[in-house]
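Listing of coords20.cif, mmCIF, C-alpha atoms
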```cif
data_data
loop_
_atom_site.label_atom_id
_atom_site.label_comp_id
_atom_site.auth_asym_id
_atom_site.auth_seq_id
_atom_site.Cartn_x
_atom_site.Cartn_y
_atom_site.Cartn_z
CA MET A 1 -10.20 51.70 66.27
CA ALA A 2 -12.74 50.83 63.58
CA ALA A 3 -12.85 53.10 60.55
CA SER A 4 -15.97 55.23 60.11
CA TYR A 5 -17.54 56.19 56.80
CA SER A 6 -19.93 58.85 55.61
CA VAL A 7 -22.15 59.67 52.65
CA SER A 8 -23.09 63.18 51.61
CA LEU A 9 -26.68 64.36 51.74
CA GLU A 10 -26.24 65.41 48.11
CA LYS A 11 -25.63 61.78 47.12
CA ILE A 12 -28.73 60.67 49.04
CA ILE A 13 -30.81 63.38 47.35
CA GLU A 14 -29.62 62.32 43.90
CA THR A 15 -30.03 58.59 44.51
CA HIS A 16 -33.55 58.84 45.92
CA SER A 17 -34.76 61.79 43.79
CA LEU A 18 -35.61 63.89 46.83
CA GLU A 19 -37.06 67.37 46.52
CA VAL A 20 -35.09 70.00 48.39
CA ILE A 21 -37.27 72.30 50.47
CA TYR A 22 -34.55 73.89 52.61
CA LEU A 23 -30.81 73.45 53.07
CA PRO A 24 -28.75 75.41 55.62
CA LYS A 25 -25.62 74.85 53.49
CA ALA A 26 -24.49 72.92 50.43
CA ALA A 27 -25.81 69.35 50.49
CA ASN A 28 -22.34 68.07 49.61
CA ASP A 29 -21.06 69.48 52.92
CA ILE A 30 -23.70 67.68 55.02
CA LEU A 31 -22.45 64.20 55.89
CA ILE A 32 -24.54 61.29 57.14
CA THR A 33 -22.54 58.91 59.30
CA THR A 34 -25.09 56.39 60.59
CA ASN A 35 -27.18 53.80 58.76
CA GLU A 36 -30.03 54.11 61.26
CA VAL A 37 -33.05 56.35 60.66
CA ASN A 38 -35.77 57.59 62.96
CA ARG A 39 -39.41 58.70 63.08
CA PRO A 40 -39.77 61.47 65.71
CA GLY A 41 -42.93 60.15 67.38
CA ILE A 42 -42.64 60.59 71.12
CA VAL A 43 -39.86 63.18 70.75
CA LEU A 44 -42.55 65.64 69.60
CA MET A 45 -44.09 65.26 73.05
CA GLY A 46 -40.87 66.28 74.76
CA TYR A 47 -39.28 62.91 75.56
CA THR A 48 -35.78 63.36 74.16
CA ASP A 49 -33.82 60.70 76.05
CA TYR A 50 -31.84 58.40 73.75
CA PHE A 51 -32.50 60.63 70.75
CA ASP A 52 -29.72 60.33 68.17
CA PRO A 53 -29.28 63.59 66.21
CA LEU A 54 -27.06 61.84 63.63
CA ARG A 55 -30.05 59.98 62.18
CA ILE A 56 -32.17 61.14 59.25
CA GLN A 57 -35.73 61.81 60.48
CA ILE A 58 -38.69 60.47 58.49
CA LEU A 59 -42.18 62.00 58.81
CA GLY A 60 -45.33 60.60 57.24
CA TRP A 61 -49.06 61.08 57.66
CA THR A 62 -48.92 60.23 61.37
CA GLU A 63 -46.34 62.86 62.35
CA VAL A 64 -47.60 65.61 60.02
CA GLY A 65 -51.24 64.97 60.98
CA PHE A 66 -50.32 64.98 64.68
CA LEU A 67 -48.68 68.40 64.35
CA GLN A 68 -51.54 69.86 62.30
CA LYS A 69 -54.08 69.04 65.03
CA MET A 70 -52.09 70.95 67.65
CA GLU A 71 -52.67 74.54 68.63
CA LYS A 72 -50.02 76.94 67.34
CA GLU A 73 -48.31 77.27 70.71
CA LYS A 74 -48.11 73.47 71.07
CA GLN A 75 -46.79 73.13 67.51
CA GLU A 76 -43.92 75.49 68.23
CA GLU A 77 -43.16 73.67 71.48
CA ALA A 78 -43.19 70.23 69.83
CA LEU A 79 -40.94 71.36 66.99
CA SER A 80 -38.53 73.02 69.43
CA TYR A 81 -38.27 69.75 71.40
CA TRP A 82 -37.33 67.91 68.23
CA LEU A 83 -35.53 70.36 65.93
CA GLY A 84 -33.70 71.90 68.87
CA LEU A 85 -31.68 68.69 69.00
CA HIS A 86 -30.44 69.48 65.46
CA PRO A 87 -31.14 66.19 63.65
CA ALA A 88 -29.13 65.46 60.51
CA ALA A 89 -32.08 66.00 58.15
CA ALA A 90 -35.86 65.65 57.92
CA VAL A 91 -37.71 63.95 55.05
CA ILE A 92 -41.46 64.31 54.47
CA THR A 93 -42.93 61.30 52.64
CA ARG A 94 -45.97 60.77 50.38
CA GLY A 95 -45.46 64.20 48.78
CA LEU A 96 -47.41 65.72 51.68
CA GLU A 97 -47.92 69.48 51.76
CA ILE A 98 -45.50 71.08 54.21
CA PRO A 99 -46.97 73.87 56.35
CA ASP A 100 -45.13 77.20 56.42
CA TYR A 101 -44.58 76.94 60.19
CA PHE A 102 -42.73 73.65 59.68
CA ILE A 103 -40.41 75.17 57.06
CA GLU A 104 -39.79 78.19 59.27
CA ALA A 105 -38.87 75.95 62.21
CA CYS A 106 -36.38 74.00 60.08
CA GLU A 107 -34.83 77.28 58.95
CA LYS A 108 -34.66 78.52 62.56
CA TYR A 109 -32.77 75.42 63.74
CA ALA A 110 -30.82 74.93 60.46
CA VAL A 111 -32.18 71.44 59.81
CA PRO A 112 -32.24 70.28 56.15
CA LEU A 113 -35.78 69.62 54.92
CA LEU A 114 -36.51 67.27 52.02
CA ARG A 115 -39.56 65.61 50.47
CA THR A 116 -40.29 62.41 48.59
CA ASN A 117 -43.39 61.16 46.79
CA GLU A 118 -42.78 57.61 48.02
CA GLU A 119 -44.88 56.08 50.78
CA THR A 120 -43.30 56.02 54.22
CA SER A 121 -42.55 52.32 54.76
CA PRO A 122 -41.11 51.59 51.28
CA PHE A 123 -38.96 54.72 51.49
CA LEU A 124 -37.70 53.73 54.94
CA ALA A 125 -36.70 50.29 53.66
CA THR A 126 -34.99 51.69 50.56
CA LEU A 127 -33.09 54.35 52.51
CA ILE A 128 -31.89 51.91 55.18
CA GLN A 129 -30.69 49.48 52.52
CA TYR A 130 -28.83 52.28 50.76
CA LEU A 131 -27.22 53.52 53.97
CA ASN A 132 -26.25 49.97 54.98
CA ALA A 133 -24.31 49.61 51.73
CA SER A 134 -22.84 53.13 51.69
CA LEU A 135 -21.66 53.10 55.31
CA ALA A 136 -20.74 49.43 55.62
CA PRO A 137 -17.37 48.39 57.09
CA ARG A 138 -15.07 47.55 54.20
CA ILE A 139 -11.70 46.20 53.20
CA THR A 140 -9.90 45.82 49.89
CA ARG A 141 -8.34 42.49 48.94
CA HIS A 142 -6.18 41.42 46.01
CA GLY A 143 -8.09 39.03 43.75
CA VAL A 144 -10.64 38.60 41.00
CA PHE A 145 -14.40 38.61 41.54
CA CYS A 146 -16.94 37.09 39.16
CA GLU A 147 -20.55 35.95 39.19
CA VAL A 148 -20.72 32.30 38.14
CA TYR A 149 -24.18 30.68 37.82
CA GLY A 150 -25.53 33.30 40.21
CA GLU A 151 -22.82 32.65 42.82
CA GLY A 152 -20.39 35.43 43.73
CA VAL A 153 -16.96 33.79 43.46
CA LEU A 154 -13.91 35.57 44.87
CA ILE A 155 -10.74 34.13 43.33
CA ILE A 156 -7.51 34.77 45.25
CA GLY A 157 -3.92 33.62 44.96
CA GLU A 158 -0.42 34.85 44.35
CA SER A 159 0.38 37.07 41.38
CA GLY A 160 0.78 34.99 38.23
CA ALA A 161 -1.54 32.21 39.43
CA GLY A 162 -3.88 32.81 36.49
CA LYS A 163 -6.71 34.70 38.16
CA SER A 164 -7.20 37.31 35.42
CA GLU A 165 -6.92 34.77 32.60
CA THR A 166 -9.52 32.63 34.34
CA ALA A 167 -11.82 35.67 34.60
CA VAL A 168 -11.61 36.20 30.82
CA GLU A 169 -12.39 32.53 30.18
CA LEU A 170 -15.39 32.75 32.54
CA ILE A 171 -16.64 35.82 30.66
CA LYS A 172 -16.37 33.95 27.36
CA ARG A 173 -18.39 31.11 28.91
CA GLY A 174 -21.27 33.49 29.69
CA HIS A 175 -20.52 34.55 33.26
CA ARG A 176 -20.13 38.10 34.51
CA PHE A 177 -17.00 39.95 35.61
CA ILE A 178 -17.03 42.34 38.58
CA ALA A 179 -13.49 43.17 39.70
CA ASP A 180 -9.84 42.46 38.92
CA ASP A 181 -6.79 43.07 41.08
CA ALA A 182 -8.55 45.06 43.84
CA VAL A 183 -11.87 43.82 45.23
CA GLU A 184 -13.67 46.16 47.62
CA ILE A 185 -15.60 44.09 50.16
CA ARG A 186 -18.39 45.60 52.25
CA LYS A 187 -20.16 44.02 55.20
CA VAL A 188 -23.78 45.11 54.79
CA ASP A 189 -25.07 42.95 57.64
CA ASP A 190 -23.83 40.21 59.99
CA HIS A 191 -24.16 37.53 57.32
CA THR A 192 -23.67 39.32 54.00
CA LEU A 193 -20.61 40.58 52.15
CA ILE A 194 -20.88 42.57 48.92
CA GLY A 195 -17.94 42.73 46.54
CA SER A 196 -17.33 45.45 43.95
CA SER A 197 -14.54 47.20 42.10
CA PRO A 198 -13.07 50.63 42.89
CA ASN A 199 -14.53 53.15 40.45
CA ASN A 200 -11.23 54.05 38.81
CA ILE A 201 -10.45 50.46 37.69
CA ARG A 202 -14.00 49.18 37.16
CA HIS A 203 -14.35 46.77 34.17
CA PHE A 204 -10.58 46.70 33.55
CA ILE A 205 -8.56 43.45 33.48
CA GLU A 206 -4.79 43.16 33.37
CA LEU A 207 -3.46 40.36 31.18
CA ARG A 208 0.28 39.84 31.23
CA GLY A 209 1.70 40.10 27.72
CA ILE A 210 -1.37 41.94 26.41
CA GLY A 211 -1.86 44.73 28.92
CA MET A 212 -5.09 46.33 30.11
CA ILE A 213 -8.42 45.46 28.51
CA ASN A 214 -11.87 46.88 29.17
CA ALA A 215 -14.19 43.91 29.63
CA ARG A 216 -17.34 46.00 29.14
CA ARG A 217 -16.19 47.39 25.79
CA LEU A 218 -14.61 44.17 24.59
CA PHE A 219 -17.33 41.69 25.58
CA GLY A 220 -20.41 43.92 26.01
CA MET A 221 -22.56 45.14 28.87
CA GLY A 222 -23.88 41.64 29.55
CA ALA A 223 -20.40 40.50 30.52
CA VAL A 224 -19.98 42.81 33.52
CA LYS A 225 -21.70 43.64 36.78
CA VAL A 226 -21.13 46.38 39.35
CA SER A 227 -21.45 44.33 42.54
CA GLU A 228 -22.47 40.92 43.88
CA LYS A 229 -22.79 39.05 47.15
CA ILE A 230 -19.69 36.99 48.02
CA ASP A 231 -20.87 33.37 48.24
CA MET A 232 -17.53 31.58 48.21
CA VAL A 233 -13.77 32.04 48.01
CA ILE A 234 -11.51 30.02 45.71
CA GLN A 235 -7.80 30.06 46.46
CA LEU A 236 -5.47 29.19 43.59
CA GLU A 237 -2.05 27.85 44.53
CA PRO A 238 0.78 26.09 42.65
CA TRP A 239 0.43 22.31 42.58
CA ASP A 240 2.44 20.68 45.38
CA SER A 241 2.87 16.93 44.91
CA THR A 242 3.77 16.54 48.59
CA LYS A 243 0.54 18.14 49.81
CA ALA A 244 -2.60 16.13 50.49
CA TYR A 245 -5.52 17.89 48.78
CA ASP A 246 -9.14 17.26 49.70
CA ARG A 247 -10.49 14.61 47.34
CA LEU A 248 -13.97 14.10 48.82
CA GLY A 249 -15.20 17.50 49.95
CA LEU A 250 -16.85 16.01 53.02
CA ASP A 251 -15.39 18.63 55.32
CA ASN A 252 -16.58 22.20 54.87
CA GLU A 253 -13.79 24.76 55.01
CA TYR A 254 -14.41 28.42 55.79
CA THR A 255 -12.54 31.67 56.04
CA LYS A 256 -13.63 34.84 57.81
CA ILE A 257 -13.84 38.18 56.07
CA LEU A 258 -14.87 41.08 58.33
CA ASP A 259 -16.03 38.40 60.81
CA VAL A 260 -18.41 36.86 58.26
CA LYS A 261 -17.85 33.14 57.60
CA VAL A 262 -17.49 32.31 53.89
CA PRO A 263 -16.94 28.85 52.29
CA VAL A 264 -13.46 28.46 50.82
CA ILE A 265 -11.85 25.81 48.65
CA THR A 266 -8.24 25.47 47.51
CA ILE A 267 -7.57 24.57 43.90
CA PRO A 268 -4.04 23.49 42.92
CA VAL A 269 -2.90 25.01 39.63
CA ASN A 270 -1.13 22.72 37.19
CA PRO A 271 -0.48 23.06 33.43
CA GLY A 272 -3.41 21.67 31.48
CA ARG A 273 -6.06 22.18 34.18
CA ASN A 274 -9.09 24.11 32.91
CA LEU A 275 -9.62 26.48 35.81
CA ALA A 276 -12.79 28.03 34.35
CA ILE A 277 -14.58 24.66 34.22
CA ILE A 278 -13.35 23.76 37.71
CA ILE A 279 -14.64 27.08 39.09
CA GLU A 280 -17.98 26.61 37.34
CA THR A 281 -18.30 23.19 38.97
CA ALA A 282 -17.28 24.57 42.35
CA ALA A 283 -19.93 27.30 42.10
CA MET A 284 -22.68 24.83 41.22
CA ASN A 285 -21.56 22.46 43.99
CA ASN A 286 -21.57 25.32 46.52
CA ARG A 287 -25.11 26.18 45.49
CA GLN A 288 -26.18 22.55 46.00
CA LYS A 289 -24.62 22.53 49.47
CA LYS A 290 -26.59 25.66 50.39
CA MET A 291 -29.73 23.85 49.29
CA GLY A 292 -28.89 20.90 51.57
CA TYR A 293 -27.28 18.43 49.17
CA ASN A 294 -23.75 17.15 49.73
CA ALA A 295 -22.43 14.73 47.08
CA ALA A 296 -19.65 13.46 49.36
CA ARG A 297 -22.20 12.72 52.07
CA GLU A 298 -24.38 10.78 49.61
CA LEU A 299 -21.34 8.75 48.54
CA MET A 300 -20.49 7.89 52.15
CA VAL A 301 -24.05 6.75 52.77
CA GLY A 302 -23.92 4.61 49.60
CA LEU A 303 -20.74 2.99 50.89
CA GLY A 304 -22.34 2.21 54.21
CA MET A 305 -20.43 4.87 56.13
CA GLU A 306 -23.44 6.75 57.51
CA ASP A 307 -21.72 7.57 60.80
CA ILE A 308 -19.27 9.95 59.12
CA GLU A 309 -20.60 13.46 59.52
CA PRO A 310 -19.24 16.41 57.54
CA GLY A 311 -17.15 18.69 59.73
CA GLU A 312 -16.08 22.28 59.57
CA LYS A 313 -12.70 23.93 59.81
CA GLU A 314 -11.61 27.49 59.48
CA LEU A 315 -8.68 28.52 57.30
CA GLU A 316 -6.53 31.62 57.55
CA ILE A 317 -5.88 32.48 53.92
CA TRP A 318 -5.47 36.24 53.87
CA HIS A 319 -2.10 37.89 53.51
CA ASN A 320 -1.11 41.50 53.94
CA SER A 321 -1.98 42.45 50.41
#
```
So that I can check it, write out the structure of this file as structure tokens.
Amino acid sequence: MAASYSVSLEKIIETHSLEVIYLPKAANDILITTNEVNRPGIVLMGYTDYFDPLRIQILGWTEVGFLQKMEKEKQEEALSYWLGLHPAAAVITRGLEIPDYFIEACEKYAVPLLRTNEETSPFLATLIQYLNASLAPRITRHGVFCEVYGEGVLIIGESGAGKSETAVELIKRGHRFIADDAVEIRKVDDHTLIGSSPNNIRHFIELRGIGMINARRLFGMGAVKVSEKIDMVIQLEPWDSTKAYDRLGLDNEYTKILDVKVPVITIPVNPGRNLAIIIETAAMNNRQKKMGYNAARELMVGLGMEDIEPGEKELEIWHNS
């Protein structure tokens, strides 16, 4: 069974600077569990089929104006159709004045009532984006996560492979550090993964022989970042002279994280290899591939081997860590 997540109404109020008009109980005790929102519309006319009471309800000029033009008896009836279903919360946009009868109805049915000065469509977009991130399916994986030339690079491998040391070298070369040891990965849509660090270890890096360092305090605010999209995975493994490593890069290898396909490359670790420079090059090359350029393909064409098309294969690289 898939795990479910929630975000408190208090957190939503703080993040979006919402004005509290009425709360039936403490906002911290009101949990939002769906990333979908709703505008009442036809529900105010009594059609309540398929109505989802877990969604936050958004009302703008259209809904408020529609109610104001009704006779008092019709207003009460419309609000009873809607608020009687006990939606999670109602938000009035554009800083519109809220009639007393509307507030009284929310109090009667114990529905939280909030207000924002933002226009309806921009607020809808912002709230949905926030809920998508807050309620996204997530997993935690052992590794290091950095932003390199704008690419989110997740570095994985066994303990002692040099992941943390590589992160420090990348920071010194002007890139930004996001997470060490535990990387929290969230699936915000069918094609996008966002990586971040758990709050209690954010900005910390463990270096064997030195101990824990705080990258933000040691290297400055410009050296760290809270989250980033995962664009590629780099797996570090000990050099194996009997293994045939990819020397062209014609084939595209992928791994799946939360059912999202992510490019992955394997880099053998050997004394004397500058992993930071290799990862920089891998990040730039991945960006070129996304823009439609494949160096290996150009080489094959130059050698008269136009019939060779790049293929794809999927790798299983995750362990129970």
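By chain and then residue number, the residues within 8 Å of Leu236 of chain A are Ile155, Ile156, Gly157, Glu158, Ala161, Lys163, Thr266, Ile267, Pro268 and Val269 of chain A, counting all atoms listed in the file and disregarding those fewer than 4 positions away in sequence.
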- Task: For the structure provided, state which residues fall under the PyMOL selection byres ((chain A and resi 94-98) around 12), and present them as an MDAnalysis selection string.
- Result: chainID A and resid 18:22 58:65 67:68 90:93 99:106 113:124
Worksheet item: Can you find the residues with an atom no farther than 6 Å from (-31.2, 67.9, 49.0), counting all atoms listed in the file, and report them as a PyMOL selection string?
Response: chain A and resi 10+13+20+27
Closest of A:Gln235, A:Thr242, A:Asn35, A:Thr126 to Ala282 of chain A, counting all atoms listed in the file, is A:Gln235
Work out how far apart atom CA of Ile205 of chain A and atom CA of Leu154 of chain A are and give it in Å to one decimal.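 Here the two named atoms are 14.8 Å from each other.
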Atom CA of Ala125 of chain A and atom CA of Val7 of chain A are how many Å apart?
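Pair atom CA of Ala125 of chain A / atom CA of Val7 of chain A returns 17.3 Å.
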Repair of segment 23-52 of chain A at the level of N, CA and C atoms, as a CSV table (one decimal), keeping the file's coordinate frame:
```
chain,number,residue,atom,x,y,z
A,23,LEU,N,-32.1,73.9,52.7
A,23,LEU,CA,-30.8,73.4,53.1
A,23,LEU,C,-30.1,74.6,53.8
A,24,PRO,N,-29.5,74.3,54.9
A,24,PRO,CA,-28.8,75.4,55.6
A,24,PRO,C,-27.4,75.7,55.0
A,25,LYS,N,-26.9,74.7,54.2
A,25,LYS,CA,-25.6,74.8,53.5
A,25,LYS,C,-25.6,73.8,52.3
A,26,ALA,N,-24.6,73.8,51.6
A,26,ALA,CA,-24.5,72.9,50.4
A,26,ALA,C,-24.7,71.5,50.9
A,27,ALA,N,-25.5,70.7,50.1
A,27,ALA,CA,-25.8,69.4,50.5
A,27,ALA,C,-24.6,68.5,50.5
A,28,ASN,N,-23.6,68.8,49.7
A,28,ASN,CA,-22.3,68.1,49.6
A,28,ASN,C,-21.5,68.2,50.9
A,29,ASP,N,-21.8,69.3,51.7
A,29,ASP,CA,-21.1,69.5,52.9
A,29,ASP,C,-21.8,68.9,54.1
A,30,ILE,N,-22.9,68.3,53.9
A,30,ILE,CA,-23.7,67.7,55.0
A,30,ILE,C,-23.5,66.2,54.9
A,31,LEU,N,-22.8,65.6,55.9
A,31,LEU,CA,-22.4,64.2,55.9
A,31,LEU,C,-23.3,63.4,56.8
A,32,ILE,N,-23.8,62.2,56.3
A,32,ILE,CA,-24.5,61.3,57.1
A,32,ILE,C,-23.6,60.2,57.5
A,33,THR,N,-23.5,59.9,58.8
A,33,THR,CA,-22.5,58.9,59.3
A,33,THR,C,-23.1,57.7,60.0
A,34,THR,N,-24.5,57.6,60.0
A,34,THR,CA,-25.1,56.4,60.6
A,34,THR,C,-26.1,55.8,59.6
A,35,ASN,N,-26.2,54.5,59.7
A,35,ASN,CA,-27.2,53.8,58.8
A,35,ASN,C,-28.6,53.6,59.4
A,36,GLU,N,-28.7,54.2,60.6
A,36,GLU,CA,-30.0,54.1,61.3
A,36,GLU,C,-30.8,55.4,61.0
A,37,VAL,N,-32.2,55.2,60.9
A,37,VAL,CA,-33.0,56.4,60.7
A,37,VAL,C,-34.1,56.4,61.8
A,38,ASN,N,-34.9,57.4,61.8
A,38,ASN,CA,-35.8,57.6,63.0
A,38,ASN,C,-37.0,58.3,62.5
A,39,ARG,N,-38.2,57.9,63.2
A,39,ARG,CA,-39.4,58.7,63.1
A,39,ARG,C,-39.6,59.4,64.4
A,40,PRO,N,-39.8,60.7,64.4
A,40,PRO,CA,-39.8,61.5,65.7
A,40,PRO,C,-40.7,61.0,66.8
A,41,GLY,N,-42.0,60.7,66.4
A,41,GLY,CA,-42.9,60.2,67.4
A,41,GLY,C,-43.0,60.9,68.7
A,42,ILE,N,-42.5,60.1,69.7
A,42,ILE,CA,-42.6,60.6,71.1
A,42,ILE,C,-41.7,61.8,71.4
A,43,VAL,N,-40.7,62.0,70.6
A,43,VAL,CA,-39.9,63.2,70.8
A,43,VAL,C,-40.7,64.5,70.6
A,44,LEU,N,-41.7,64.5,69.8
A,44,LEU,CA,-42.6,65.6,69.6
A,44,LEU,C,-43.3,66.0,70.9
A,45,MET,N,-43.4,65.0,71.8
A,45,MET,CA,-44.1,65.3,73.0
A,45,MET,C,-43.1,65.7,74.1
A,46,GLY,N,-41.8,65.8,73.8
A,46,GLY,CA,-40.9,66.3,74.8
A,46,GLY,C,-40.0,65.2,75.4
A,47,TYR,N,-40.2,63.9,75.0
A,47,TYR,CA,-39.3,62.9,75.6
A,47,TYR,C,-38.1,62.8,74.6
A,48,THR,N,-36.9,63.3,75.0
A,48,THR,CA,-35.8,63.4,74.2
A,48,THR,C,-34.6,62.4,74.6
A,49,ASP,N,-34.9,61.6,75.6
A,49,ASP,CA,-33.8,60.7,76.0
A,49,ASP,C,-33.5,59.7,74.9
A,50,TYR,N,-32.3,59.4,74.7
A,50,TYR,CA,-31.8,58.4,73.8
A,50,TYR,C,-32.0,58.9,72.3
A,51,PHE,N,-32.4,60.1,72.1
A,51,PHE,CA,-32.5,60.6,70.8
A,51,PHE,C,-31.1,60.8,70.1
A,52,ASP,N,-31.0,60.3,68.9
A,52,ASP,CA,-29.7,60.3,68.2
A,52,ASP,C,-29.8,61.4,67.1
```
